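**Q** One structure, pasted below without further comment.
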Amino acid sequence: MNPMDLATYGKNTWCPGCGNFSILSAIRSVLAELDGQMQSIENVVLVSGIGCHAKIVDLMNVNSFYSIHGRVLPVATAIKLANPDLTVICFSGDGDSLAEGLDHLVFAAKRNIDVTLILHDNRVYGLTTGQFTPTSPLGFKGKSTPNGSFEHPLNPPELMLASGATYIARGYTHGIGLLQKLFREAILHKGFSFVDVLQVCVSYNNLYEAYNKRTYELKDHDASSYEEAQKVIRSWNYDGSDVPIPLGKFYEADARRLDQAYRGSMPNALDRDNSISELLENFI
Amino acid sequence: MNPMDLATYGKNTWCPGCGNFSILSAIRSVLAELDGQMQSIENVVLVSGIGCHAKIVDLMNVNSFYSIHGRVLPVATAIKLANPDLTVICFSGDGDSLAEGLDHLVFAAKRNIDVTLILHDNRVYGLTTGQFTPTSPLGFKGKSTPNGSFEHPLNPPELMLASGATYIARGYTHGIGLLQKLFREAILHKGFSFVDVLQVCVSYNNLYEAYNKRTYELKDHDASSYEEAQKVIRSWNYDGSDVPIPLGKFYEADARRLDQAYRGSMPNALDRDNSISELLENFI
Amino acid sequence: MDNFSTLIGGIAGDGINEAGITVARLFCRLGYNIYMYYDYPSLIRGGHNFSLVRASSKKIAAHMDQIDILIALNQETIEKHAVRLKDSSFVIYDADKVMLEGITQKGCGLPITSILKEAGAPAVMKNTCILGGYCKVVGINWSILESVLKKHMEKKLEQNLLVARQGYDQAIESYRIDSLSSKIERNPLPIITGNQAISLGLIKAGLGAYVAYPMTPSSSVLDFMAKFGPQFGIKVIHPENEIAVMLMAQGFAYAGVKCAVGTSGGGFCLMTEGLSLAGMAEIPVVVVMVQRTGPSTGLPTYTGQGDLNFILSAGQGEFPRFVVAPGDAEDAYYWSAVALNMAWKYQVPSFILSDKIVSESQYNFELAGAGTVEEEATQQWSGQGKYQRYSFTDNGVSPMAFPPQKGQAIKTDSYMHDEFGITTEDAMLNKKMTDKRLLKERYLADDLERYEAVKVLSEGNGESAKTALLCWGSNKGVCQEAAEKLGLRAIQVLVLSPFPAKQLKDALQGIERLVAVECNATAQLARLGGFFGFEIDDRILKYDGRPFSLNDLESELGRRGI
Amino acid sequence: MDNFSTLIGGIAGDGINEAGITVARLFCRLGYNIYMYYDYPSLIRGGHNFSLVRASSKKIAAHMDQIDILIALNQETIEKHAVRLKDSSFVIYDADKVMLEGITQKGCGLPITSILKEAGAPAVMKNTCILGGYCKVVGINWSILESVLKKHMEKKLEQNLLVARQGYDQAIESYRIDSLSSKIERNPLPIITGNQAISLGLIKAGLGAYVAYPMTPSSSVLDFMAKFGPQFGIKVIHPENEIAVMLMAQGFAYAGVKCAVGTSGGGFCLMTEGLSLAGMAEIPVVVVMVQRTGPSTGLPTYTGQGDLNFILSAGQGEFPRFVVAPGDAEDAYYWSAVALNMAWKYQVPSFILSDKIVSESQYNFELAGAGTVEEEATQQWSGQGKYQRYSFTDNGVSPMAFPPQKGQAIKTDSYMHDEFGITTEDAMLNKKMTDKRLLKERYLADDLERYEAVKVLSEGNGESAKTALLCWGSNKGVCQEAAEKLGLRAIQVLVLSPFPAKQLKDALQGIERLVAVECNATAQLARLGGFFGFEIDDRILKYDGRPFSLNDLESELGRRGI
Ligand SMILES: Cc1ncc(C[n+]2csc(CCOP(=O)(O)OP(=O)(O)O)c2C)c(N)n1
Ligand SMILES: Cc1ncc(C[n+]2csc(CCOP(=O)(O)OP(=O)(O)O)c2C)c(N)n1
Ligand code: SF4
Ligand code: SF4
Ligand SMILES: [Mg+2]
Ligand SMILES: [Mg+2]
C-alpha cells in the first residue's frame with residue numbers, strides 16, 4: 001500500500017510549515033507499511049479530539065471518530081473494549097489531553113488499555129489562536145496571559161510514568177525517521193503507548209530554532225528500567241532553560257491490560273429470554 | 001480555644017469506628033491551637049467535596065463551602081486568589097479527588113496554590129456504598145466489580161510529586177498524634193500541601209488489621225530531596241502486597257505560588273468610569 | 001382483606017430494606033400484589049430507615065399513610081410513625097430497646113436482643129428475628145417464612161431460621177392474613193425494583209455494554225449489571241467520571257455495541273456535552289436518568305421530578321431525542337427495551353427518565369404482563385459501493401456499518417460534516433444535514449403511534465369523569481388509585497419526547513378540568529403541555545422529597561373540591 | 001449617500017478583520033454609523049476570510065447582500081463575491097495575484113506584491129497597501145487614513161504609511177464619499193465588538209474576576225479581560241477546563257468577589273453541574289454564553305441561536321435565573337452591567353446569551369447612548385446577632401457576608417440545608433427552602449418592570465402595522481431595518497427569563513400577525529412564547545451558520561406576502 005492511498009479529499013488547512021505535516025506523513029507511511037504485515041488497514045480506528053492536531057483524521061482514509069475537545073481516550077478505550085481486534089490510535093493536543101481531558105489520560109495509563117496516544121505537543125492552543133497550555137513554559141505570553149503565564153509546565157512523560165503507561169517516548173516533527181520508528185513501536189506495543197511529539201506551531205509558538213539546537217536522540221538508554229526512564233525524562237522539564245532535550249523511547253514494560261479483562265460473547269435472543277426468566281426466579 | 005468550640009449542632013452520621021472521627025478530632029485541635037497563634041479562626045475556610053469525608057464541614061463551626069463531588073480544588077483555589085489572607089483547607093475523598101476531580105488535583109499541585117488538601121483515602125466509595133476507587137488494590141471486590149477490579153491502583157503521593165506539589169505526607173487514622181503534626185505542617189506550609197490519610201472505612205474496606213501491622217513512621221528521612229521522597233513513596237504502591245507502609249512527611253519544598261501572581265486592588269466607581277472612557281479612546 | 005400495610009423501621013445497618021422485601025415476598029406468596037416504599041437518609045449506619053410494604057388484592061403502586069402493623073427496631077421508629085397507627089393497628093417491637101409509652105394500640109414486644117444473645121447471633125439478625133414474630137402476629141404460617149428464608153438467606157441460614165423461629169414462638173397471633181392464592185391463579189411473582197426492571201428491559205433488547213459512575217438513585221442499575229451482566233455477555237464498566245461514561249458509550253456504539261449509561265442529575269450534567277455529540281454524530285445511546293431532589297446535591301436519597309425540562313433540552317444545538325418516563329416496574333421493563341430499540345432505529349439519544357420512587361421501590365413483576373417487546377434490527381449498510389456514514393435517505397436515517405469493513409472507512413464527526421463524515425463549513429450542506437437530523441424526529445413520532453405513549457389509567461365514571469388527573473413517572477400508581485376511587489379519569493404521559501400530542505388529545509376527549517399531579521415545584525409537565533396547547537386548570541405539586549401517599553393526593557383533591 | 005458597503009476578502013493571515021475595522025474607522029471619522037460582519041472558517045492560515053463593512057447615515061446592525069466596493073486580496077474573493085456586485089460597484093484588487101476576467105464592473109488593480117517588495121515590506125502589509133488604494137478610489141482624504149494608521153499601527157508605522165501611500169497614489173478616484181460630520185454633531189465613536197461591550201458592561205458594574213477556558217466565539221472576552229482587566233483590579237484566570245471555570249467562579253463569589261465566566265455550547269455543558277450548585281447554594285455568577293452553530297463542535301466560527309431552550313433549563317432541579325440576549329454592542333454593554341447587578345441582587349445565576357454575530361461583529365458604540373447603569377449594592381448582613389447565610393426573608397433574598405467575620409461561620413452548602421447552611425433532610429424545611437429560592441424569581445420579575453425587557457424597535461405605520469416581527473439577539477438589526485422599510489412593527493425580546501410576558505403583551509397591542517425571526521431550526525423563542533400564550537403565525541428561520549442579510553429577510557417576508 002502506498003501512503004498516499006490513505007489520503008482523502010479533505011482539504012488540509014494547517015498553516016504552511018506546521019509540524020502537523022510531519023505527523024501526518026509519518027503516520028501514513030507507518031500504517032501503509034503495517035497494512036498487510038500485522039494489521040490490515042480496515043482494522044485501524046483513529047480517534048481525535050478538537051484542535052489543529054485533530055484535523056488529521058479528516059485527511060486519513062481510515063476509520064475514524066472525530067470526537068470532542070479533551071475526550072479522545074474514553075472513546076478509544078471503549079472501541080478497544082468493544083472489539084479488541086481493532087488497532088486504536090489517538091491524536092490529541094496538549095490542551096486537549098493535558099488540560100481539558102487530563103483525567104482520561106491518567107486513567108488510560110492506569111488501565112494500561114492497549115491504545116496509542118500521539119500527543120501533538122505544540123505547547124500552545126493552536127486552533128483557538130494562541131493561549132498557554134499545561135506544557136507552555138513559565139512566563140509564556142499568550143492571549144490569556146499577555147504578561148506571561150504564572151505556572152510551571154507539567155512534564156507529560158513523567159506524569160505518564162507515574163500513572164502506569166507502559167510505552168513512553170518523545171519525538172520531534174523535524175525528524176520524520178524517528179517519528180516513524182516511534183509510531184511503529186507504539187502501535188505494536190501491547191498496552192498504553194504515549195508518544196509526546198514536540199510539534200512546532202509556526203503561528204503561535206515557533207520553537208524550531210530552540211529544538212533544532214537542543215534535541216538529541218537517545219543512545220544506549222535502558223528503556224526497561226523505571227529509574228533510568230525517570231532520570232532521562234526528568235533531565236528536561238519543559239521550561240525555558242538551555243538543557244538538552246532527549247528524544248526516543250524512554251520506557252517500555254509489559255503489564256496487565258484492561259482489554260484483557262472483558263471476555264464472553266452475547267447469547268442469542270432465545271438463550272437471553274431463558275436467562276432472563278431464570279434470573280427472575282431469584283427474586284421470587 | 002477549646003477544640004469543642006469548633007463543633008456545631010450538625011449530627012455526626014459516620015459509622016461507629018469510622019476513621020473520619022480521627023480526622024475530625026485532629027483538625028479541630030490543630031485549628032483550635034492555631035487560632036490566636038498564626039491564624040485566627042474566622043480566617044479559615046474549609047472546602048469539601050461530596051462523600052462521607054465531606055460531612056466534616058457540617059461538624060465544624062468554621063467558614064465552609066460544601067461543594068460538589070470532585071470539585072473541592074477549583075473552589076478552594078478561587079477563594080485563596082480572592083483573598084490571600086484566608087487559610088483554605090480542603091477535605092476530599094479518593095473517589096472525589098482521584099476519580100471525579102483528578103484533573104483539578106494535578107493542577108492545584110502544578111500551580112502550587114497555597115491551600116491544603118486532606119485526602120480521606122479509604123480506598124473505596126463510602127457514601128455510595130462500596131465501589132472500587134483509584135486507590136483500591138487490584139482485585140478489589142466492590143459493588144461495581146463483584147468479581148474483582150481489573151486495574152492497578154494509582155499511587156497518589158507519586159502523582160503529586162510528579163505534578164509539583166510542595167508538601168506531601170501520609171497519615172493514618174490510628175495515630176492521631178501524627179495526624180495533628182502533619183495537618184499543622186501542611187496548613188503552615190506555603191504552597192500546595194497534600195496529606196494522604198489512610199482513613200479506614202469500617203463498613204466497606206476495613207483495613208485496620210493490615211495497616212496496624214504494616215504502617216511505620218519515617219525516621220531520618222530527608223524530605224527536601226526529590227529522589228529520597230520518590231524512593232520512600234514508591235516503596236509501597238497501594239496494592240495488596242505485604243510491604244511496609246511509610247507514614248510521615250515525604251517531601252517539602254519551596255516554590256513559586258499562584259496566589260502570589262495576582263495583585264492590585266479594584267478602583268472606585270469614579271476612577272473606573274474614567275478608565276472606561278479612556279480605554280474606549282483606543283477603539284476610535 | 002383488600003389492603004394491608006406494614007411498616008418496619010430502624011437504623012441504617014439494621015437491614016430494613018431487606019426486611020421489607022421479605023415481608024413483600026411473604027404477601028406475594030399468599031397471592032397478594034405488593035408495593036414497597038423504602039425511605040432512607042444519606043448515611044451508612046444510624047439515622048432512620050423505614051420500609052412501608054403495602055399488600056393488596058389489586059395491583060398497586062402507591063402507599064397509604066396509615067398502617068396496620070408497625071415493626072419497630074428502635075424507639076425512633078415509634079416516635080416517627082405513631083401518627084400512622086389506626087385503632088386497629090398493632091405494634092411489634094424490640095422489647096429490649098423500645099418502650100410503648102403513650103401508644104394505645106395493641107402491641108407485642110419481643111426480647112430481640114436477648115434472643116440474639118442467647119443464640120449467639122450477630123446484631124444484623126434482629127430483622128429476621130422480629131419477622132418471625134411478625135408472621136405469628138399476622139397469622140402467616142411458619143412454613144411460608146421458612147421457605148422465603150431458605151431461598152434468600154445466603155449466609156448463616158441455620159442461625160437465621162433459629163432466631164426467626166424464636167421470634168415466631170414468642171409472639172402471639174393477632175390477625176389472620178388469608179391467602180389469596182386460590183383467587184389469583186398464578187405462581188408467586190418476582191419482586192423487583194424499577195431499576196432492576198430497567199436493567200432487564202435493556203438486556204431484553206440486546207444491550208452489550210453498561211457504563212456508569214455510581215450515583216444514587218441510579219447506582220443499583222450498575223450493581224445489577226455488574227452482577228448479572230456478564231452472563232449476558234454485557235461489558236460493565238465503572239470509569240473515572242460521568243464524562244468518560246458518556247464518551248465510552250459513544251465508542252461502544254461506534255464499534256457496534258449497544259450501550260446504556262446511568263446517572264442522576266449532577267452526573268447527567270457532565271454528560272450533556274457528550275449528549276450533544278451523540279446528537280450531531282447520530283450515535284445511539286441510552287441514558288438511564290433517575291431523578292432525585294435537586295438542585296445540586298440536594299437530597300440524594302429522596303425523590304423529585306425536577307429534571308424534565310432539563311432533559312428535554314440538554315446539550316447545545318438542536319437534535320431529536322426519545323424520552324420515556326416509566327411509572328412502575330412493568331413500564332420500566334417494557335419501555336427500557338423500547339428505548340434501546342428507538343435509539344438504534346433512529347440513531348438518537350434515548351432517555352429512560354425515572355425517579356427515586358420508580359427506581360428504588362419494590363413491585364411484584366409479571367414478565368408476561370409487561371408487554372411483548374423484542375430487539376429490533378438496526379438498519380445495516382447493504383455492503384454495496386462506497387460506504388457513507390451520513391448518507392441522505394428518505395427518513396433521515398443513514399444505514400450503519402461497523403469496523404472492520406474491508407475497503408471502507410467509517411467516519412464519525414462532531415463537526416458539521418458531509419455524507420462521508422468529513423468536516424465541512426458549507427452553508428447549504430449545513431442546512432441539509434440539520435434537516436436530515438430533524439427529519440428523524442418526524443419518523444420517530446409516527447412510529448410511536450404503534451405504542452401506548454399516553455395511557456388512560458382510569459376511565460372514571462359518570463359525571464365526575466369531566467375531570468382528569470395528568471401525571472408522569474411514579475405518580476402513576478397514586479393517580480390511578482385516587483382516580484378509580486373518585487371516579488375521575490387518570491392519564492399517564494409515558495413518552496415526553498417526541499411529545500404524543502395527538503394521543504393526549506384523544507385521551508382528554510370530554511374532559512373539562514385537567515389537574516396536573518407532579519413532584520416538582522413548577523409543574524414541568526403542565527408547562528410542556530402548554531407548549532402543545534393543552535390548558536392545565538390545576539396543579540397539585542409536592543416537592544419535599546417524599547412521594548404522594550394516596551391520602552396526600554385525596555386530600556389535595558378534596559381541598560380543590562374534586 | 002445613505003448606505004455604502006465594502007467587502008474585503010483574502011486568506012486567514014491577511015489581516016482581513018483588521019482591514020475591515022480600519023475601513024469602519026474611516027467611515028466613522030466621516031460621521032457615518034457602521035456595522036461590520038466578519039466571516040471566517042476555523043483555521044489559522046489560508047481558507048477564505050471576509051469583512052463586510054456597511055456604512056450608513058442611520059444606526060444599523062445588519063448587512064446587505066450587495067456591495068459598493070469589493071477589495072480582493074486573492075482570486076477566491078472575486079469568485080465568491082462577484083454575485084454581490086451591482087452595476088455601479090467597483091473592484092479593487094491585487095493586480096499581481098488577481099485577474100478580473102468576466103467582471104463587467106469597473107475596477108482598479110494595484111501591484112500590491114510589487115509595491116511591498118519594493119518597500120521591503122512583509123506580506124502582512126498587503127492590507128495597508130490596498131487600503132491606501134481604497135481611500136483614493138472612494139475619495140477619502142489621505143489625511144484621514146494617515147491619522148487612523150498613526151493611531152492604530154503598533155508596529156512599523158513608517159513602513160505601513162509608505163505602502164499605504166503607494167497604494168493611494170497609484171489608484172484612481174472613482175467615488176466621492178462625503179463627510180457626514182457636519183450633519184451629525186459628534187466626535188468619532190469607538191468601534192467595538194459585542195464581546196468588548198460585554199466586557200465593559202461587566203467592568204462597569206464592578207466585576208472583580210473573570211474566569212474562562214478559550215472557546216470561539218467567546219474567547220475575545222477573555223482576550224480583552226486579560227489585556228485590560230488588571231488595570232481595573234480584575235483577576236483573570238484561564239484554568240484547566242470549564243468545570244474548573246464554573247467552580248472557581250463560585251469560590252470567588254463566596255469570598256465576595258464578583259465574577260463572570262465565558263464560554264460557548266460545549267463548554268457550557270461542562271458548567272451545568274456548577275450552575276445547579278449556584279442555584280442551590282444561591283451563589284451569584286454571570287455566564288457569558290456565546291452561541292455558535294451546533295450541535296456539538298458544529299461550526300465553531302459560525303452563528304446560531306440554538307441554545308435558548310438549553311440555557312433556560314440547564315442544571316438539575318428548579319431555581320431562578322436571569323437571562324438576557326443583547327442585540328448589538330450597546331445592548332451588550334448595558335445589559336451585561338444589569339446582568340451582574342441582578343446576579344448579586346438576587347443571588348442567582350445570570351446569563352448574557354449572545355451569539356457569534358453580536359459577539360464578533362463591529363459596531364460604533366456610544367457610551368452615553370447605551371443607557372445609564374450603575375453598580376448596585378449587594379444586600380449585606382447587618383452584623384447583628386448570629387449570621388445565617390440562608391435566613392428566611394420576605395423576598396427570599398438572604399443578606400450576604402464574606403469571610404472573615406469575627407465570631408461567625410459563613411456556611412455554603414450544595415445539599416439541601418437549613419438557614420445556617422447545615423445539611424438537613426427534613427421534608428418541611430426542604431419545601432420551605434425551595435419556596436424561598438423560587439420566591440426570588442417573583443421579585444426579580446417585578447424588578448424587571450423598571451427595564452425595557454421588551455423593546456419596540458419599529459412602530460410601523462398604517463395598515464401593515466397589524467404585522468409584527470418578533471426577534472431576539474442579533475436579529476435585532478435586520479428586523480428593525482426591514483420593519484421600518486416595510487412599515488411593520490418589530491419587537492425585540494431582550495430578557496428571556498423571567499419571561500416578560502406583560503411587556504410583550506403590551507408591545508403586541510393591535511397586532512394580528514406575528515412572525516418569529518430566528519437563527520435556529522425549531523423556532524425556540526416562538527416555542528417559549530407559546531408557553532405564555534403567545535401565538536406565533538409564521539416562523540422565518542435560518543440555520544446555515546450565516547446571519548440574515550437585510551435582503552434575505554425582505555425576500556422571505558415577500559414570499560409570505562408581507
Ligand atoms: C469543551 C470545549 N472547550 C473549548 C473548546 C475550544 N477549543 C477548541 S480547540 C481548543 C484548544 C486546542 O488546543 P490543543 O489541544 O493544544 O490543540 P492544537 O490546536 O494546539 O493542536 C479549544 C480550547 C472546545 N472545542 N470544547
Ligand atoms: C457528579 C456526581 N457523581 C456521582 C455522585 C455520587 N457520589 C456521591 S459520594 C460518591 C463517592 C464518594 O467516594 P469518596 O470520594 O471516596 O468519598 P467517601 O464516601 O469514601 O468518603 C459518589 C460517587 C455525585 N454526588 N456527583
Ligand atoms: S496554528 Fe499552529 S498548530 Fe495550528 S495549523 Fe497553524 S502552525 Fe499548526
Ligand atoms: S461508610 Fe465507611 S467512610 Fe463512610 S462513614 Fe461509614 S465507615 Fe466511614
Ligand atoms: Mg496545542
Ligand atoms: Mg473514599
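Ligands are numbered from 1 in the order shown, residues from 1 within each chain, and chains are lettered A, B, ... in the order they appear in the C-alpha cells.
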Could you go through stretch 232-375 of chain C and tell me which residues DSSP, when run on the backbone, assigns to strand (DSSP E or B), listing them as a count of residues only?

**A** 31

**Q** Using only C-alpha atoms and all ligand atoms, find each residue with an atom at most 8 Å away from ligand 3 and format the answer as a PyMOL selection string.

**A** (chain A and resi 13-20+51-53+122+124-127+129-130+199-205) or (chain D and resi 43-45)

**Q** Kindly assemble as a Markdown table a list of the chain B residues that lie within 12 Å of chain A, each paired with its nearest atom pair and their distance in Å to one decimal, using only C-alpha atoms, sorted first by chain and then by ascending residue number.

**A**
```
| residue | atom | partner | partner_atom | distance |
| --- | --- | --- | --- | --- |
| B:Gly70 | CA | A:Asp103 | CA | 11.7 |
| B:Ser97 | CA | A:Asp103 | CA | 10.4 |
| B:Leu98 | CA | A:Asp103 | CA | 8.6 |
| B:Ala99 | CA | A:Asp103 | CA | 7.6 |
| B:Glu100 | CA | A:Asp103 | CA | 8.3 |
| B:Gly101 | CA | A:Asp103 | CA | 7.7 |
| B:Leu102 | CA | A:Asp103 | CA | 5.6 |
| B:Asp103 | CA | A:Asp103 | CA | 5.2 |
| B:His104 | CA | A:Asp103 | CA | 8.9 |
| B:Leu105 | CA | A:Asp103 | CA | 9.7 |
| B:Val106 | CA | A:Leu102 | CA | 8.7 |
| B:Phe107 | CA | A:Ala99 | CA | 8.7 |
| B:Ala108 | CA | A:Glu151 | CA | 10.5 |
| B:Ala109 | CA | A:Leu154 | CA | 9.9 |
| B:Lys110 | CA | A:His152 | CA | 6.7 |
| B:Arg111 | CA | A:Glu151 | CA | 5.6 |
| B:Asn112 | CA | A:Glu151 | CA | 8.4 |
| B:Ile113 | CA | A:Glu151 | CA | 10.0 |
| B:Thr133 | CA | A:Phe107 | CA | 11.6 |
| B:Pro134 | CA | A:Lys110 | CA | 8.8 |
| B:Thr135 | CA | A:Lys110 | CA | 10.8 |
| B:Leu138 | CA | A:Arg256 | CA | 10.4 |
| B:Gly139 | CA | A:Ala261 | CA | 11.4 |
| B:Thr145 | CA | A:Ala261 | CA | 11.5 |
| B:Asn147 | CA | A:Ala261 | CA | 10.9 |
| B:Gly148 | CA | A:Ala261 | CA | 10.4 |
| B:Ser149 | CA | A:Ala261 | CA | 9.3 |
| B:Phe150 | CA | A:Leu258 | CA | 6.5 |
| B:Glu151 | CA | A:Arg111 | CA | 5.6 |
| B:His152 | CA | A:Lys110 | CA | 6.7 |
| B:Pro153 | CA | A:Lys110 | CA | 7.4 |
| B:Leu154 | CA | A:Ser163 | CA | 6.5 |
| B:Asn155 | CA | A:Ala162 | CA | 7.7 |
| B:Pro156 | CA | A:Ala162 | CA | 9.2 |
| B:Pro157 | CA | A:Ala162 | CA | 9.8 |
| B:Glu158 | CA | A:Ala162 | CA | 6.4 |
| B:Leu159 | CA | A:Ala162 | CA | 5.9 |
| B:Met160 | CA | A:Leu159 | CA | 9.3 |
| B:Leu161 | CA | A:Ala162 | CA | 9.2 |
| B:Ala162 | CA | A:Leu159 | CA | 5.9 |
| B:Ser163 | CA | A:Leu154 | CA | 6.5 |
| B:Gly164 | CA | A:Leu154 | CA | 8.0 |
| B:Ala165 | CA | A:Leu154 | CA | 11.5 |
| B:Tyr226 | CA | A:Arg234 | CA | 11.2 |
| B:Glu227 | CA | A:Lys231 | CA | 10.1 |
| B:Gln230 | CA | A:Ala162 | CA | 10.5 |
| B:Lys231 | CA | A:Glu227 | CA | 10.1 |
| B:Ile233 | CA | A:Ala162 | CA | 11.1 |
| B:Arg234 | CA | A:Ala162 | CA | 9.7 |
| B:Asn237 | CA | A:Ala162 | CA | 10.7 |
| B:Ala255 | CA | A:His152 | CA | 9.9 |
| B:Arg256 | CA | A:Glu151 | CA | 8.2 |
| B:Arg257 | CA | A:Glu151 | CA | 8.1 |
| B:Leu258 | CA | A:Phe150 | CA | 6.4 |
| B:Asp259 | CA | A:Phe150 | CA | 9.5 |
| B:Gln260 | CA | A:Phe150 | CA | 9.0 |
| B:Ala261 | CA | A:Phe150 | CA | 6.5 |
| B:Tyr262 | CA | A:Phe150 | CA | 9.5 |
```

**Q** Under the rule of at most 8 Å, produce a per-residue listing of chain B near chain D: chain, number, name, the closest pair of atoms, and the distance in Å, as JSON lines, using only C-alpha atoms.

**A**
```
{"residue": "B:Gly10", "atom": "CA", "partner": "D:Ile422", "partner_atom": "CA", "distance": 6.7}
{"residue": "B:Glu42", "atom": "CA", "partner": "D:Pro404", "partner_atom": "CA", "distance": 5.0}
{"residue": "B:Asn43", "atom": "CA", "partner": "D:Pro404", "partner_atom": "CA", "distance": 5.1}
{"residue": "B:Val44", "atom": "CA", "partner": "D:Pro404", "partner_atom": "CA", "distance": 7.9}
{"residue": "B:Val45", "atom": "CA", "partner": "D:Pro403", "partner_atom": "CA", "distance": 7.9}
{"residue": "B:Asp58", "atom": "CA", "partner": "D:Ile422", "partner_atom": "CA", "distance": 5.6}
{"residue": "B:Asn61", "atom": "CA", "partner": "D:Ala409", "partner_atom": "CA", "distance": 6.0}
{"residue": "B:Val62", "atom": "CA", "partner": "D:Ala409", "partner_atom": "CA", "distance": 4.8}
{"residue": "B:Asn63", "atom": "CA", "partner": "D:Ala409", "partner_atom": "CA", "distance": 4.4}
{"residue": "B:Ser64", "atom": "CA", "partner": "D:Lys411", "partner_atom": "CA", "distance": 4.8}
{"residue": "B:Phe65", "atom": "CA", "partner": "D:Thr412", "partner_atom": "CA", "distance": 4.8}
{"residue": "B:Tyr66", "atom": "CA", "partner": "D:Asp413", "partner_atom": "CA", "distance": 4.5}
{"residue": "B:Ser67", "atom": "CA", "partner": "D:Ser414", "partner_atom": "CA", "distance": 5.7}
{"residue": "B:Ile68", "atom": "CA", "partner": "D:Ser414", "partner_atom": "CA", "distance": 6.5}
{"residue": "B:Arg71", "atom": "CA", "partner": "D:Leu247", "partner_atom": "CA", "distance": 7.0}
{"residue": "B:Pro74", "atom": "CA", "partner": "D:Met248", "partner_atom": "CA", "distance": 4.9}
{"residue": "B:Val75", "atom": "CA", "partner": "D:Gly251", "partner_atom": "CA", "distance": 4.3}
{"residue": "B:Ala76", "atom": "CA", "partner": "D:Gly251", "partner_atom": "CA", "distance": 6.4}
{"residue": "B:Thr77", "atom": "CA", "partner": "D:Met248", "partner_atom": "CA", "distance": 6.9}
{"residue": "B:Ala78", "atom": "CA", "partner": "D:Gly251", "partner_atom": "CA", "distance": 4.9}
{"residue": "B:Ile79", "atom": "CA", "partner": "D:Gly251", "partner_atom": "CA", "distance": 4.9}
{"residue": "B:Leu81", "atom": "CA", "partner": "D:Phe252", "partner_atom": "CA", "distance": 7.8}
{"residue": "B:Ala82", "atom": "CA", "partner": "D:Phe252", "partner_atom": "CA", "distance": 5.7}
{"residue": "B:Asn83", "atom": "CA", "partner": "D:Ala255", "partner_atom": "CA", "distance": 7.1}
{"residue": "B:Leu86", "atom": "CA", "partner": "D:Pro404", "partner_atom": "CA", "distance": 7.8}
{"residue": "B:Asp103", "atom": "CA", "partner": "D:Glu240", "partner_atom": "CA", "distance": 7.6}
{"residue": "B:His104", "atom": "CA", "partner": "D:Ala244", "partner_atom": "CA", "distance": 7.2}
{"residue": "B:Phe107", "atom": "CA", "partner": "D:Glu240", "partner_atom": "CA", "distance": 7.2}
{"residue": "B:Tyr262", "atom": "CA", "partner": "D:Lys235", "partner_atom": "CA", "distance": 6.5}
{"residue": "B:Arg263", "atom": "CA", "partner": "D:Gly233", "partner_atom": "CA", "distance": 7.7}
{"residue": "B:Gly264", "atom": "CA", "partner": "D:Gly233", "partner_atom": "CA", "distance": 5.4}
{"residue": "B:Ser265", "atom": "CA", "partner": "D:Gly233", "partner_atom": "CA", "distance": 4.7}
{"residue": "B:Met266", "atom": "CA", "partner": "D:Gly233", "partner_atom": "CA", "distance": 4.2}
{"residue": "B:Pro267", "atom": "CA", "partner": "D:Phe232", "partner_atom": "CA", "distance": 6.2}
{"residue": "B:Ala269", "atom": "CA", "partner": "D:Gly206", "partner_atom": "CA", "distance": 7.8}
{"residue": "B:Arg272", "atom": "CA", "partner": "D:Phe232", "partner_atom": "CA", "distance": 6.9}
{"residue": "B:Asp273", "atom": "CA", "partner": "D:Lys204", "partner_atom": "CA", "distance": 7.0}
{"residue": "B:Ile276", "atom": "CA", "partner": "D:Leu200", "partner_atom": "CA", "distance": 7.2}
{"residue": "B:Leu280", "atom": "CA", "partner": "D:Pro190", "partner_atom": "CA", "distance": 6.1}
{"residue": "B:Glu281", "atom": "CA", "partner": "D:Pro190", "partner_atom": "CA", "distance": 6.6}
{"residue": "B:Asn282", "atom": "CA", "partner": "D:Pro190", "partner_atom": "CA", "distance": 7.5}
{"residue": "B:Phe283", "atom": "CA", "partner": "D:Pro190", "partner_atom": "CA", "distance": 4.6}
{"residue": "B:Ile284", "atom": "CA", "partner": "D:Pro190", "partner_atom": "CA", "distance": 3.8}
```

**Q** Just checking: using only C-alpha atoms and all ligand atoms, which residue out of D:Met271, D:Val454, D:Val348, D:Leu553 ends up closest to ligand 2?

**A**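 Closest residue, counting only C-alpha atoms and all ligand atoms: D:Met271.
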
**Q** Provide as a ChimeraX atom specification the residues of chain C at most 7 Å from chain D, counting only C-alpha atoms.

**A** /C:265-266,269-270,272-273,276-277,279-280,294-299,306-307,309-310,313-318,414-416,425,427-428,430-431,527,530-531,543-545

**Q** Write out as a ChimeraX atom specification the set of residues from stretch 111-232 of chain C that DSSP, computed on the backbone, places in helix (DSSP H, G or I).

**A** /C:112-119,123-138,142-152,157-170,194-204,219-232
